[in-house]
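Asker: Here you go, one structure.
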Amino acid sequence: MDVQRIILITAMALISYMLVLQWNEDYGQPAPATEQAVTSVSAYSSSSAETDLPQANDGEASADVPATGTAATNSQLITVKTDVLNLIIDTKGGDIIQVSLPEHKAALGADQPFVLMEQTSNRTYVSQSGLVGTNGPDASKDGRPTFSVANTDYSLGDADELNVDLLFTDSNGVKITKRYTLKRGSYTVGLSYTVDNQSQQNWQANLFGQIKRDRSEDPTSSTDMGMQSYLGAVFSTTEDNYQKIDFDDMDDAPFKATTQDGYVAFVQHYFVSAWIPEAGAEYTYKSRKLNGNYIVGFISPDFMVAPGQSKTVSANFFAGPKDQEQMEAANENLKLTVDYGWLWWIASPLYAILKWVYSIVGNWGLAIIGITVIVKAALFHLNAKAFKSMAKMRKFGPEMQRMKELYGDDRQKMSQEMMKLYQKEKINPLGGCLPIVAQMPIFIALYWVLMESVELRHAEFLYLTDLSVKDPYFILPIIMGASMFIQQMLNPTPPDPMQAKIMKMLPILFTFFFLWFPAGLTLYWVVNNILSIAQQYVINKQIEGGGDTAKAK
């Protein structure tokens, strides 16, 4: 290749690289997330908040409950802060209308916490709970109860547990305490209703918990190429412990199931919100669509409080990142919201190994390198046999070319002579495919592990500031493409000219695809290629040098 051609190719490569960088700057960056504070209750405490409650008998919306506009003006907003959760609670109904996560930032380099749930003019995503049924205050003709509170600002401070009590007394003198319990380091919020019946009649109600969300996009979803994380509802029942019901499903028909225990959740990339009722009872789970919003929730069986008695019913609400340990502590099946697809049986141990390596090295980039080495070691002998077969094909390439020239017009004779050569030298022409076939399930499983692991969100490594998104400078994809090209140089040239041309194009095509893959996944593939090159180079030298090839086995 002459100097002018080298200069031209180099210039074209640099220009292409600059064009991709500029395109990424103009179109490839998602809009930064901003926190919108809830400044009033008017956006939430409206007639729509009165009509989306379930009924105890069939779970349908209580359309017969009238709105009480005057009550909305008397409600207040309560702010609750712990080390991992910031909540805003509306005293009208006692619903959680905003959840932000101070340990997870809205965007890389931002000071604002990530807002998981909120009620604003642009987005509806709230958690509702209450008591409906015969005497339930949320089913009253006067509308949802407005609770009284001792304070409107609560903070966990140095304590390990924080209780937020909301008080209400109905017209018969029945005292109801709605309590939220938050603990240090926990994304699970305990909910309890204590009913103190000092009236002369039996008191009866049903506990409900539900999540209301519009169809707005997932703020943490990636706009890059590749598979997208699931956005929608999940129900866990005794028949199916992880059943996806997406927005289109809810458009087509409502979901309804009665089951022992279980949970209901809304899932998005990296984060989840879920209602988990108290174990030991049979609950009705249902989805509804109302006024453009999607509502998923549960309703408990009837419970009765005799005169002069008190009773407490409870449930848990989880709102936070897909932290598998915390989710499993809240409900064994809740960790299934970290969805690895049909390759979960490979992805789950890969995630466990990744966390174990991270516990040693303390950096997620180094942990990815570590798991690559472990996977490579596990496939070492399989790769060695494949590389040995390719090295032999490379060694006997001139002999194969001679046969092609000698028997090129006689395909049958050519095939016979090639088979004799393969048998004599113990060459497997398909052996080179084994490493790729073996690694593809691992590659796909690791893709889901890296995409679903919230730990990698905003994780830094060298110049990379976020391993969960693409390399902003595309350095790793280019190194990956170069390593593929080097690997091809160590492999035998395919005898078919068309196949040879296709193989030469693969590094370019793979580089293009990997431009938008998560940097963590590209890092895995780069390290894997480098280790493969080293192993294949050693085997080639052993085979071509005529030395002891047993070492390559």
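FYI, nothing fancy with the structure tokens labels: chains A, B, ... in order, residues from 1 per chain, ligands from 1 as they appear.
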Based on DSSP run over this structure's backbone, return all residues of stretch 139-323 of chain A in strand (DSSP E or B), as an NGL selection string.
Answerer: :A and (146 or 148 or 153-155 or 161-169 or 175-183 or 188-196 or 203-213 or 232-236 or 243-245 or 256-260 or 263-267 or 271-277 or 282-290 or 293-299 or 303-305 or 310-321)
Asker: Hey, what's within 8 Å of A:Ile96 if we count only C-alpha atoms and toss same-chain stuff fewer than 5 positions away? As a list in words, please?
Answerer: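 Contacts, in chain order: Leu87, Ile88, Ile89, Asp90, Val126, Ser127 and Gln128 of chain A.
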Asker: With only C-alpha atoms as the basis for distance, which of A:Leu490, A:Leu354, A:Val115, A:Val234 is at the shortest distance from A:Pro102?
Answerer: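 The shortest atom-to-atom distance to A:Pro102 comes from A:Val115.
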Asker: As a PyMOL selection string, please: the residues near A:Asp83 (cut-off 10 Å, only C-alpha atoms, same-chain neighbours under 2 positions excluded).
Answerer: chain A and resi 81+85-86+101-103+155-158+160+183-187
Asker: So that I can check the surroundings of A:Met327, please list as number ranges by chain every protein, DNA and RNA residue that reaches within 12 Å of it, counting only C-alpha atoms and ignoring chain neighbours fewer than 3 positions away.
Answerer: A: 186-188, 263, 265, 271-276, 316-324, 330-338
Asker: Store the residues picked out above, limited to N, CA and C atoms, as an mmCIF file, in the first residue's frame.
Answerer:
data_model
loop_
_atom_site.group_PDB
_atom_site.id
_atom_site.type_symbol
_atom_site.label_atom_id
_atom_site.label_comp_id
_atom_site.auth_asym_id
_atom_site.auth_seq_id
_atom_site.Cartn_x
_atom_site.Cartn_y
_atom_site.Cartn_z
ATOM 1 N N SER A 186 -33.314 2.111 54.034
ATOM 2 C CA SER A 186 -34.326 1.241 53.438
ATOM 3 C C SER A 186 -35.223 2.017 52.483
ATOM 4 N N TYR A 187 -35.552 1.365 51.349
ATOM 5 C CA TYR A 187 -36.495 1.936 50.384
ATOM 6 C C TYR A 187 -37.904 1.396 50.595
ATOM 7 N N THR A 188 -38.099 0.610 51.629
ATOM 8 C CA THR A 188 -39.423 0.097 51.964
ATOM 9 C C THR A 188 -40.082 1.005 52.988
ATOM 10 N N TYR A 263 -47.862 -9.212 45.046
ATOM 11 C CA TYR A 263 -47.551 -7.780 45.005
ATOM 12 C C TYR A 263 -47.966 -7.217 43.654
ATOM 13 N N ALA A 265 -46.683 -3.869 40.967
ATOM 14 C CA ALA A 265 -45.594 -2.912 40.799
ATOM 15 C C ALA A 265 -45.673 -2.225 39.449
ATOM 16 N N PHE A 271 -35.396 1.351 38.193
ATOM 17 C CA PHE A 271 -36.188 1.701 39.374
ATOM 18 C C PHE A 271 -37.549 1.004 39.346
ATOM 19 N N VAL A 272 -38.152 0.893 40.537
ATOM 20 C CA VAL A 272 -39.429 0.200 40.656
ATOM 21 C C VAL A 272 -40.210 0.790 41.823
ATOM 22 N N SER A 273 -41.530 0.766 41.715
ATOM 23 C CA SER A 273 -42.420 1.088 42.837
ATOM 24 C C SER A 273 -43.402 -0.066 42.966
ATOM 25 N N ALA A 274 -43.690 -0.474 44.217
ATOM 26 C CA ALA A 274 -44.523 -1.664 44.402
ATOM 27 C C ALA A 274 -45.293 -1.593 45.709
ATOM 28 N N TRP A 275 -46.532 -2.087 45.658
ATOM 29 C CA TRP A 275 -47.327 -2.301 46.860
ATOM 30 C C TRP A 275 -47.269 -3.784 47.204
ATOM 31 N N ILE A 276 -46.911 -4.065 48.463
ATOM 32 C CA ILE A 276 -46.775 -5.438 48.947
ATOM 33 C C ILE A 276 -47.667 -5.586 50.170
ATOM 34 N N ASN A 316 -46.760 -2.813 52.824
ATOM 35 C CA ASN A 316 -45.487 -2.147 52.573
ATOM 36 C C ASN A 316 -45.476 -1.553 51.179
ATOM 37 N N PHE A 317 -44.834 -0.408 51.075
ATOM 38 C CA PHE A 317 -44.667 0.242 49.775
ATOM 39 C C PHE A 317 -43.181 0.386 49.505
ATOM 40 N N PHE A 318 -42.730 -0.179 48.393
ATOM 41 C CA PHE A 318 -41.318 -0.098 48.012
ATOM 42 C C PHE A 318 -41.179 0.906 46.874
ATOM 43 N N ALA A 319 -40.245 1.849 47.013
ATOM 44 C CA ALA A 319 -39.990 2.845 45.970
ATOM 45 C C ALA A 319 -38.502 3.140 45.945
ATOM 46 N N GLY A 320 -37.841 2.692 44.893
ATOM 47 C CA GLY A 320 -36.405 2.922 44.835
ATOM 48 C C GLY A 320 -35.739 2.186 43.711
ATOM 49 N N PRO A 321 -34.417 2.067 43.783
ATOM 50 C CA PRO A 321 -33.663 1.375 42.735
ATOM 51 C C PRO A 321 -33.881 -0.127 42.810
ATOM 52 N N LYS A 322 -33.516 -0.814 41.726
ATOM 53 C CA LYS A 322 -33.633 -2.269 41.697
ATOM 54 C C LYS A 322 -32.455 -2.893 42.445
ATOM 55 N N ASP A 323 -32.433 -2.643 43.732
ATOM 56 C CA ASP A 323 -31.445 -3.241 44.610
ATOM 57 C C ASP A 323 -31.955 -4.628 44.992
ATOM 58 N N GLN A 324 -31.294 -5.669 44.490
ATOM 59 C CA GLN A 324 -31.840 -7.015 44.611
ATOM 60 C C GLN A 324 -31.956 -7.464 46.064
ATOM 61 N N ALA A 330 -38.050 -7.241 50.902
ATOM 62 C CA ALA A 330 -39.434 -6.770 50.891
ATOM 63 C C ALA A 330 -40.390 -7.858 50.430
ATOM 64 N N ASN A 331 -39.998 -8.607 49.407
ATOM 65 C CA ASN A 331 -40.792 -9.715 48.888
ATOM 66 C C ASN A 331 -39.873 -10.574 48.032
ATOM 67 N N GLU A 332 -39.915 -11.863 48.249
ATOM 68 C CA GLU A 332 -38.977 -12.763 47.573
ATOM 69 C C GLU A 332 -39.030 -12.634 46.064
ATOM 70 N N ASN A 333 -40.230 -12.415 45.509
ATOM 71 C CA ASN A 333 -40.384 -12.354 44.058
ATOM 72 C C ASN A 333 -40.203 -10.956 43.483
ATOM 73 N N LEU A 334 -40.043 -9.958 44.348
ATOM 74 C CA LEU A 334 -39.902 -8.602 43.834
ATOM 75 C C LEU A 334 -38.588 -8.428 43.076
ATOM 76 N N LYS A 335 -37.567 -9.205 43.429
ATOM 77 C CA LYS A 335 -36.286 -9.081 42.734
ATOM 78 C C LYS A 335 -36.382 -9.550 41.283
ATOM 79 N N LEU A 336 -37.482 -10.227 40.921
ATOM 80 C CA LEU A 336 -37.671 -10.641 39.533
ATOM 81 C C LEU A 336 -37.899 -9.453 38.614
ATOM 82 N N THR A 337 -38.165 -8.270 39.188
ATOM 83 C CA THR A 337 -38.294 -7.078 38.354
ATOM 84 C C THR A 337 -36.962 -6.706 37.713
ATOM 85 N N VAL A 338 -35.856 -7.250 38.226
ATOM 86 C CA VAL A 338 -34.581 -7.185 37.502
ATOM 87 C C VAL A 338 -34.654 -8.296 36.465
#
Asker: I'd like to know which residues of stretch 171-323 of chain A are helix (DSSP H, G or I) (by DSSP, run on the backbone); could you write them as a PyMOL selection string?
Answerer: chain A and resi 247-252
Asker: Between A:Pro477, A:Pro219, A:Pro307, A:Gly297, single out the one closest to A:Lys256, counting only C-alpha atoms.
Answerer: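 The answer is A:Gly297, which sits nearest to A:Lys256.
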